[in-house]
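A.B. asks: Right, I'll just put the structure down here and ask away after.
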Amino acid sequence: MKKVQGFTWTVEDVNLISASETWGDALVEAGRRDPAIVALTADLGNSTKIQRFKEVFPARFFNVGIAEQNLMAVAAGLAATDHIPVVCTYATFASLRAAEFVRTDIGYGQRNVKIIGTLAGVAYGQGGPTHHAFEDIALMRSIPGMVVLAPADGDELTDALLAALAYEGPVYLRTGRGTELPIMKESKEAFAIGKARTVHDGRDVTVFAIGLCVQEALRAAVRVASQGIRVKVVNMAAVKPLDVAAIQAAITATQRIITVEDHSIVGGLGSAVAEVIAESGKACAFKRLGHQDCFLPMGVPEDLMHIGGFDEDAVHAAILGLMQTSSDDAVEWEDGK
Amino acid sequence: MISLPRSPLSNEECQQLQAAALRVRESILRIMYDSGSGHVGSALSQTDILVALYRGALRVDPKRPDWPQRDRFVLSKGHGGLGLAAVLADCGFINPEDLSTFGKTGSALGMHMHHRKLPAIEAATGSLGHGLGIAVGMALGVRLKTWPSRTICLLSDGECYEGSTWEAALAAGAQRLHRLLAVVDRNRLTMDGFTEQEVPLEPLADKWASFGWRVINCDGHDFRQLCSNIEIALAEPDAADAEAQRPTVILAQTIKGKGVDFMENEAKWHYGALDSVMYARALASVRDQHKALS
């Protein structure tokens with residue numbers, strides 16, 4: 001296998017290695033430049049790519065055992081001594097198990113800690129709901145000051161991690177399986193925290209997507225193009241801070257918005273976009289795709305995405321559904337008459 | 001910097017610490033009376049430990065609270081903030097006049113204090129079972145920086161019910177953090193009553209020892225014992241002695257409400273309020289001890 005080094009990630013490189021390996025090497029490179037970077041895990045030092053950091057900087061790597069609460073507290077303490085801790089554990093445990101430690105020690109404590117939640121959504125589908133992480137965004141984005149990033153592929157994950165390291169303050173970064181197709185390398189816009197990136201242009205419907213669902217939305221957009229439906233697909237990798245201007249523009253431009261995420265429709269991207277639409281006071285047809293407030297069964301991720309209704313087929317159906325609506329249907333309301 | 005007393009304490013040094021502790025106890029009562037209420041029982045049980053630390057052991061400097069190589073003190077029992085504020089004022093870290101703002105909206109001083117609002121605070125605590133893990137992170141951090149700093153964490157015995165305390169204890173033992181000292185304010189009372197009648201914590205020393213800690217039992221109100229044991233705990237072990245590279249816990253046997261006769265060993269004074277009559281009685285109780293001292 002070709003060995004990839006440094007920050008010169010090409011599409012070819014990403015084809016050779018999985019996304020999770022990319023960020024592991026990027027972290028090592030960052031660690032070489034900045035001795036303040038330290039890494040921590042709760043017994044996932046060999047099953048996540050934080051292993052790379054452990055191999056190169058054993059003295060700056062801490063495995064606290066299967067103890068996620070302590071993982072977050074220790075990270076806060078390391079940040080208090082001028083370190084930049086990068087914490088890596090499964091998304092479900094980083095959020096739910098350690099919630100109060102993330103909120104109080106890192107969020108309220110305003111500690112410069114970067115939390116990487118791996119196997120988000122149904123990436124670990126066969127583990128069942130104990131290992132499905134579909135509430136992590138809802139929880140993390142409700143913590144004041146917490147940046148929440150959900151990149152779409154390996155390139156963007158690496159860019160997001162480097163942006164998180166350059167940013168002063170707590171960041172939650174959710175990752176999938178590492179098998180996402182490379183799509184963001186083609187983007188003309190550089191990754192920036194708080195900035196949405198358009199991956200497919202259109203003027204009939206806007207689909208806001210995160211993570212693996214960006215490529216699902218992209219496929220659906222291509223599928224309906226032959227029917228003359230022009231779909232704009234926007235990668236909303238930063239769920240917080242949210243690119244409010246991008247949503248406001250979509251309300252005006254397409255008046256039809258779909259959100260799709262491997263996360264609950266309660267509190268995730270769908271809720272975040274809904275909040276902006278509701279406060280805009282403008283009419284807009286709207287559909288949230290994601291976990292429909294339910295526990296999905298054990299199963300392979302592709303099947304669960306289909307059953308749960310956040311794959312290409314679901315986006316396709318939602319596009320066709322929204323195309324039945326028209327802003328002309330909206331009843332004009334005139335105050336006081 | 002506050003000077004480190006030699007061990008053992010002379011009678012004069014011991015009397016000075018006792019006098020400081022009585023000043024702090026008076027201050028606790030005044031802050032509590034002015035602000036309306038407070039965790040007075042917990043503040044009084046930890047007072048002698050804090051005075052021993054701040055007047056004897058901690059390498060900290062009120063003029064430079066952010067001095068990188070300082071010792072770190074984490075008040076894991078965050079509700080002891082009432083007592084910590086009184087000690088910080090007595091040791092020059094905060095202006096004693098500011099104590100009148102304690103508990104008022106917008107004040108940096110209050111029940112659970114924050115490092116961003118008050119530089120003398122190392123970590124915002126209040127929820128139990130967080131401080132030891134943060135202290136472990138700090139101890140790892142200063143070791144990486146090769147600073148000589150020690151990390152001291154004061155826990156309530158009630159925090160020994162929290163699973164996260166034991167997660168942290170396990171990690172500290174495994175990391176052989178010999179410059180980490182935990183002090184447990186073992187007053188044997190929680191809000192609901194006696195620990196040993198609720199869910200027994202004993203044998204507590206055995207529990208800590210089995211997690212890889214050196215355990216020292218001591219009277220948490222006897223300055224000679226407190227100071228010499230803190231000094232022993234923080235002494236640099238022989239680098240060749242692998243067995244000595246362990247964190248230390250001092251189980252400080254204390255009395256909740258210590259120093260105010262009608263509050264001692266009473267669960268109801270975990271948190272309370274004083275009317276003017278009770279305030280006068282409480283002050284008199286402390287002042288009687290002051291008179292006996294001089």
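By convention in this document, the chains of the structure tokens carry letters A, B, ... by their order, each chain's residues are numbered from 1, and ligands are numbered from 1 in the order they are shown.
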Sorted by chain and rising residue number, list the residues of chain B at most 10 Å from chain A (counting only C-alpha atoms), each with its closest atom pair and distance in Å to one decimal, as JSON lines.
C.D. replies:
{"residue": "B:Pro68", "atom": "CA", "partner": "A:Thr81", "partner_atom": "CA", "distance": 8.0}
{"residue": "B:Gln69", "atom": "CA", "partner": "A:Thr81", "partner_atom": "CA", "distance": 9.9}
{"residue": "B:Arg72", "atom": "CA", "partner": "A:Thr81", "partner_atom": "CA", "distance": 9.8}
{"residue": "B:His114", "atom": "CA", "partner": "A:Gly109", "partner_atom": "CA", "distance": 7.7}
{"residue": "B:His115", "atom": "CA", "partner": "A:Gly109", "partner_atom": "CA", "distance": 7.7}
{"residue": "B:Arg116", "atom": "CA", "partner": "A:Gly109", "partner_atom": "CA", "distance": 7.8}
{"residue": "B:Glu122", "atom": "CA", "partner": "A:Ala80", "partner_atom": "CA", "distance": 8.0}
{"residue": "B:Ala123", "atom": "CA", "partner": "A:Gly109", "partner_atom": "CA", "distance": 7.2}
{"residue": "B:Ala124", "atom": "CA", "partner": "A:Gly109", "partner_atom": "CA", "distance": 6.2}
{"residue": "B:Thr125", "atom": "CA", "partner": "A:Asp105", "partner_atom": "CA", "distance": 7.9}
{"residue": "B:Gly126", "atom": "CA", "partner": "A:Thr104", "partner_atom": "CA", "distance": 9.2}
{"residue": "B:Ser127", "atom": "CA", "partner": "A:Thr104", "partner_atom": "CA", "distance": 8.2}
{"residue": "B:Gly129", "atom": "CA", "partner": "A:Asn70", "partner_atom": "CA", "distance": 9.4}
{"residue": "B:His130", "atom": "CA", "partner": "A:Ala73", "partner_atom": "CA", "distance": 6.4}
{"residue": "B:Gly131", "atom": "CA", "partner": "A:Ala73", "partner_atom": "CA", "distance": 7.7}
{"residue": "B:Leu132", "atom": "CA", "partner": "A:Ala73", "partner_atom": "CA", "distance": 8.2}
{"residue": "B:Gly133", "atom": "CA", "partner": "A:Ala73", "partner_atom": "CA", "distance": 4.9}
{"residue": "B:Ile134", "atom": "CA", "partner": "A:Gly77", "partner_atom": "CA", "distance": 4.3}
{"residue": "B:Ala135", "atom": "CA", "partner": "A:Gly77", "partner_atom": "CA", "distance": 6.0}
{"residue": "B:Val136", "atom": "CA", "partner": "A:Val74", "partner_atom": "CA", "distance": 5.9}
{"residue": "B:Gly137", "atom": "CA", "partner": "A:Val74", "partner_atom": "CA", "distance": 3.9}
{"residue": "B:Met138", "atom": "CA", "partner": "A:Gly77", "partner_atom": "CA", "distance": 4.4}
{"residue": "B:Ala139", "atom": "CA", "partner": "A:Gly77", "partner_atom": "CA", "distance": 7.9}
{"residue": "B:Leu140", "atom": "CA", "partner": "A:Leu78", "partner_atom": "CA", "distance": 6.8}
{"residue": "B:Gly141", "atom": "CA", "partner": "A:Leu78", "partner_atom": "CA", "distance": 4.9}
{"residue": "B:Val142", "atom": "CA", "partner": "A:Thr81", "partner_atom": "CA", "distance": 6.4}
{"residue": "B:Arg143", "atom": "CA", "partner": "A:Thr81", "partner_atom": "CA", "distance": 9.8}
{"residue": "B:Leu144", "atom": "CA", "partner": "A:Arg60", "partner_atom": "CA", "distance": 7.6}
{"residue": "B:Lys145", "atom": "CA", "partner": "A:Thr81", "partner_atom": "CA", "distance": 8.4}
{"residue": "B:Gly163", "atom": "CA", "partner": "A:Gln69", "partner_atom": "CA", "distance": 9.1}
{"residue": "B:Ser164", "atom": "CA", "partner": "A:Asn70", "partner_atom": "CA", "distance": 6.1}
{"residue": "B:Thr165", "atom": "CA", "partner": "A:Asn70", "partner_atom": "CA", "distance": 8.1}
{"residue": "B:Trp166", "atom": "CA", "partner": "A:Asn70", "partner_atom": "CA", "distance": 9.0}
{"residue": "B:Glu167", "atom": "CA", "partner": "A:Asn70", "partner_atom": "CA", "distance": 5.9}
{"residue": "B:Ala168", "atom": "CA", "partner": "A:Asn70", "partner_atom": "CA", "distance": 5.8}
{"residue": "B:Ala169", "atom": "CA", "partner": "A:Asn70", "partner_atom": "CA", "distance": 9.5}
{"residue": "B:Leu170", "atom": "CA", "partner": "A:Val64", "partner_atom": "CA", "distance": 8.6}
{"residue": "B:Ala171", "atom": "CA", "partner": "A:Val64", "partner_atom": "CA", "distance": 5.9}
{"residue": "B:Ala172", "atom": "CA", "partner": "A:Val64", "partner_atom": "CA", "distance": 9.2}
{"residue": "B:Ala174", "atom": "CA", "partner": "A:Val64", "partner_atom": "CA", "distance": 8.8}
{"residue": "B:Gln175", "atom": "CA", "partner": "A:Val64", "partner_atom": "CA", "distance": 9.2}
A.B. asks: Please identify which residues in stretch 51-179 of chain B DSSP calls alpha helix (DSSP H) from the backbone, and express them as a count of residues only.
C.D. replies: 39
A.B. asks: Given the choices A:Val102, A:Ser47, A:Ala237, A:Phe208, which gets closest to A:Leu161 if the distance is worked out from only C-alpha atoms?
C.D. replies: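 Answer, going by the shortest atom-to-atom distance: A:Ala237.
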A.B. asks: Restricting the calculation to only C-alpha atoms: of B:Trp269, B:Trp67, B:Phe262, B:Tyr54, which residue gets closest to B:Ala282?
C.D. replies: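 Checking each of B:Trp269, B:Trp67, B:Phe262, B:Tyr54 against B:Ala282, counting only C-alpha atoms, the winner is B:Phe262.
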A.B. asks: At a cut-off of 10 Å, using only C-alpha atoms, what residues contact A:Gly117? Leave out same-chain residues fewer than 6 positions from it and give the result as JSON, numbers by chain.
C.D. replies: {"A": [87, 88, 89, 90, 91, 92, 93, 94, 95, 133, 136, 150, 172, 173, 174, 175, 176]}
A.B. asks: I need the chosen residues saved as a CSV table (one decimal), in the first residue's frame, with all heavy atoms.
C.D. replies:
chain,number,residue,atom,x,y,z
A,87,VAL,N,-9.4,13.6,21.9
A,87,VAL,CA,-10.0,12.5,22.6
A,87,VAL,C,-10.8,11.7,21.5
A,87,VAL,O,-11.5,12.2,20.7
A,87,VAL,CB,-11.0,13.0,23.6
A,87,VAL,CG1,-11.7,11.8,24.3
A,87,VAL,CG2,-10.3,13.8,24.7
A,88,CYS,N,-10.6,10.4,21.5
A,88,CYS,CA,-11.2,9.5,20.5
A,88,CYS,C,-11.9,8.3,21.2
A,88,CYS,O,-11.3,7.5,21.9
A,88,CYS,CB,-10.2,9.1,19.5
A,88,CYS,SG,-10.9,8.1,18.2
A,89,THR,N,-13.2,8.3,21.0
A,89,THR,CA,-13.9,7.1,21.4
A,89,THR,C,-15.2,7.0,20.5
A,89,THR,O,-15.5,7.8,19.7
A,89,THR,CB,-14.3,7.1,22.9
A,89,THR,OG1,-14.9,5.9,23.3
A,89,THR,CG2,-15.3,8.3,23.2
A,90,TYR,N,-16.0,5.9,20.7
A,90,TYR,CA,-17.2,5.8,19.9
A,90,TYR,C,-18.1,7.0,20.2
A,90,TYR,O,-18.3,7.4,21.3
A,90,TYR,CB,-17.9,4.5,20.2
A,90,TYR,CG,-17.2,3.2,19.7
A,90,TYR,CD1,-17.4,2.0,20.3
A,90,TYR,CD2,-16.3,3.3,18.6
A,90,TYR,CE1,-16.8,0.8,19.8
A,90,TYR,CE2,-15.6,2.2,18.2
A,90,TYR,CZ,-15.9,0.9,18.8
A,90,TYR,OH,-15.2,-0.2,18.3
A,91,ALA,N,-18.8,7.4,19.1
A,91,ALA,CA,-19.7,8.6,19.2
A,91,ALA,C,-20.7,8.4,20.3
A,91,ALA,O,-21.0,9.3,21.1
A,91,ALA,CB,-20.3,8.9,17.9
A,92,THR,N,-21.3,7.2,20.4
A,92,THR,CA,-22.3,7.0,21.4
A,92,THR,C,-21.8,7.2,22.8
A,92,THR,O,-22.5,7.7,23.7
A,92,THR,CB,-23.0,5.6,21.2
A,92,THR,OG1,-24.1,5.5,22.1
A,92,THR,CG2,-22.0,4.5,21.3
A,93,PHE,N,-20.6,6.7,23.1
A,93,PHE,CA,-20.1,6.8,24.5
A,93,PHE,C,-19.5,8.2,24.7
A,93,PHE,O,-19.6,8.7,25.9
A,93,PHE,CB,-19.0,5.8,24.7
A,93,PHE,CG,-19.5,4.4,24.4
A,93,PHE,CD1,-18.8,3.5,23.6
A,93,PHE,CD2,-20.7,4.0,24.9
A,93,PHE,CE1,-19.3,2.2,23.3
A,93,PHE,CE2,-21.2,2.7,24.6
A,93,PHE,CZ,-20.5,1.8,23.8
A,94,ALA,N,-18.9,8.9,23.7
A,94,ALA,CA,-18.4,10.2,23.8
A,94,ALA,C,-19.6,11.2,24.2
A,94,ALA,O,-19.4,12.1,25.0
A,94,ALA,CB,-17.8,10.7,22.6
A,95,SER,N,-20.7,10.9,23.6
A,95,SER,CA,-21.9,11.8,23.9
A,95,SER,C,-22.7,11.4,25.1
A,95,SER,O,-22.8,12.0,26.1
A,95,SER,CB,-22.7,11.9,22.6
A,95,SER,OG,-23.2,10.6,22.2
A,133,ALA,N,-25.2,5.7,17.2
A,133,ALA,CA,-25.1,7.0,17.8
A,133,ALA,C,-26.0,8.0,17.0
A,133,ALA,O,-25.6,8.4,16.0
A,133,ALA,CB,-23.6,7.5,17.8
A,136,ASP,N,-26.0,12.1,19.3
A,136,ASP,CA,-24.8,12.8,19.7
A,136,ASP,C,-24.8,14.3,19.2
A,136,ASP,O,-24.4,15.2,20.0
A,136,ASP,CB,-23.5,12.1,19.1
A,136,ASP,CG,-23.6,11.9,17.6
A,136,ASP,OD1,-24.7,11.6,17.1
A,136,ASP,OD2,-22.5,11.9,17.0
A,150,ALA,N,-19.5,17.4,11.3
A,150,ALA,CA,-19.9,16.1,10.8
A,150,ALA,C,-19.5,16.0,9.3
A,150,ALA,O,-20.3,16.2,8.4
A,150,ALA,CB,-21.4,15.9,10.9
A,172,TYR,N,-16.6,19.1,18.8
A,172,TYR,CA,-17.0,17.7,18.7
A,172,TYR,C,-17.0,17.3,17.2
A,172,TYR,O,-17.6,18.1,16.4
A,172,TYR,CB,-18.4,17.4,19.3
A,172,TYR,CG,-18.9,16.0,19.0
A,172,TYR,CD1,-18.3,14.9,19.6
A,172,TYR,CD2,-19.9,15.8,18.1
A,172,TYR,CE1,-18.7,13.6,19.4
A,172,TYR,CE2,-20.4,14.5,17.9
A,172,TYR,CZ,-19.8,13.4,18.5
A,172,TYR,OH,-20.2,12.2,18.3
A,173,LEU,N,-16.3,16.3,16.8
A,173,LEU,CA,-16.2,15.9,15.4
A,173,LEU,C,-16.7,14.4,15.3
A,173,LEU,O,-16.1,13.5,15.9
A,173,LEU,CB,-14.7,15.9,15.1
A,173,LEU,CG,-14.2,16.4,13.8
A,173,LEU,CD1,-12.7,16.8,13.9
A,173,LEU,CD2,-14.4,15.4,12.7
A,174,ARG,N,-17.7,14.3,14.5
A,174,ARG,CA,-18.3,12.9,14.4
A,174,ARG,C,-17.8,12.3,13.1
A,174,ARG,O,-17.8,12.9,12.0
A,174,ARG,CB,-19.8,12.9,14.6
A,174,ARG,CG,-20.6,13.0,13.3
A,174,ARG,CD,-22.1,13.3,13.5
A,174,ARG,NE,-22.9,12.3,14.1
A,174,ARG,CZ,-23.8,11.6,13.6
A,174,ARG,NH1,-24.1,11.7,12.3
A,174,ARG,NH2,-24.6,10.7,14.3
A,175,THR,N,-17.5,11.0,13.1
A,175,THR,CA,-17.0,10.4,12.0
A,175,THR,C,-17.8,9.1,11.7
A,175,THR,O,-18.4,8.6,12.6
A,175,THR,CB,-15.5,10.0,12.1
A,175,THR,OG1,-15.4,8.8,12.9
A,175,THR,CG2,-14.7,11.1,12.7
A,176,GLY,N,-17.8,8.6,10.5
A,176,GLY,CA,-18.5,7.4,10.1
A,176,GLY,C,-17.6,6.2,10.1
A,176,GLY,O,-16.8,6.0,11.0
A.B. asks: As a PyMOL selection string, please: all residues of stretch 42-157 of chain B that backbone DSSP puts in strand (DSSP E).
C.D. replies: chain B and resi 72-75+151-156
A.B. asks: Please compute the atom CA of B:Asp71-atom CA of B:Ala57 distance, one decimal, in Å.
C.D. replies: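 The value is 9.2 Å.
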A.B. asks: Do you know which residues are at most 12 Å from B:Ala19 counting only C-alpha atoms, after dropping those on the same chain fewer than 5 positions away, and could you put them as a ChimeraX atom specification?
C.D. replies: /B:12-14,24-26,47-48,51-52,55,90,223,286-294
A.B. asks: Atom CA of A:Pro58 and atom CA of A:Leu40 are how many Å apart?
C.D. replies: 10.8 Å
A.B. asks: With only C-alpha atoms as the counted atoms, please give the residues lying no more than 6 Å from A:Val233, apart from itself and same-chain residues fewer than 3 positions off, as a VMD selection string.
C.D. replies: chain A and resid 198 to 200 206 to 207
A.B. asks: Quick one: everything within 6 Å of stretch 156-161 of chain B, counting only C-alpha atoms, minus sequence neighbours fewer than 5 positions away in the same chain. Send it as number ranges by chain.
C.D. replies: B: 77, 128-129, 184-186
A.B. asks: Print the selection's residues with N, CA, C and O atoms to a file, as a compact mmCIF listing (two decimals), in the first residue's frame.
C.D. replies:
# COMPACT_ATOMS: atom_id res chain seq x y z
N LYS B 77 -14.87 18.63 45.81
CA LYS B 77 -16.15 18.87 46.50
C LYS B 77 -16.47 20.36 46.33
O LYS B 77 -16.29 21.17 47.25
N LEU B 128 -20.48 16.33 41.68
CA LEU B 128 -19.53 15.47 42.39
C LEU B 128 -18.91 14.42 41.49
O LEU B 128 -19.51 13.97 40.52
N GLY B 129 -17.67 14.06 41.80
CA GLY B 129 -17.01 12.99 41.06
C GLY B 129 -16.26 13.45 39.83
O GLY B 129 -15.85 12.63 39.02
N VAL B 184 -9.28 13.09 51.31
CA VAL B 184 -10.72 12.85 51.47
C VAL B 184 -11.16 13.45 52.80
O VAL B 184 -10.61 13.12 53.86
N ASP B 185 -12.12 14.37 52.71
CA ASP B 185 -12.71 14.98 53.90
C ASP B 185 -13.72 13.98 54.46
O ASP B 185 -14.90 13.97 54.10
N ARG B 186 -13.22 13.11 55.32
CA ARG B 186 -14.02 11.96 55.79
C ARG B 186 -14.84 12.36 57.00
O ARG B 186 -14.51 12.02 58.16
A.B. asks: Could you jot down the atom CA of B:Val74 to atom CA of A:Leu44 separation for me, Å, one decimal place?
C.D. replies: 28.6 Å
A.B. asks: Which residues are close to A:Leu139, i.e. within 9 Å by only C-alpha atoms, leaving aside same-chain residues fewer than 3 positions away? Reply as an NGL selection string.
C.D. replies: :A and (95-96 or 99 or 135-136 or 142-143 or 267-268)
A.B. asks: Generate the output file for the selected residues, C-alpha atoms, as a PDB file, in the first residue's frame.
C.D. replies:
ATOM      1  CA  SER A  95     -21.860  11.807  23.886  1.00  0.00           C
ATOM      2  CA  LEU A  96     -24.271   9.797  26.007  1.00  0.00           C
ATOM      3  CA  ALA A  99     -22.401  13.690  28.582  1.00  0.00           C
ATOM      4  CA  GLU A 135     -28.370  11.562  19.596  1.00  0.00           C
ATOM      5  CA  ASP A 136     -24.788  12.847  19.676  1.00  0.00           C
ATOM      6  CA  SER A 142     -26.985  22.057  23.044  1.00  0.00           C
ATOM      7  CA  ILE A 143     -23.727  22.643  24.957  1.00  0.00           C
ATOM      8  CA  GLY A 267     -32.258  17.699  17.694  1.00  0.00           C
ATOM      9  CA  GLY A 268     -29.935  17.079  14.764  1.00  0.00           C
TER      10      GLY A 268
END
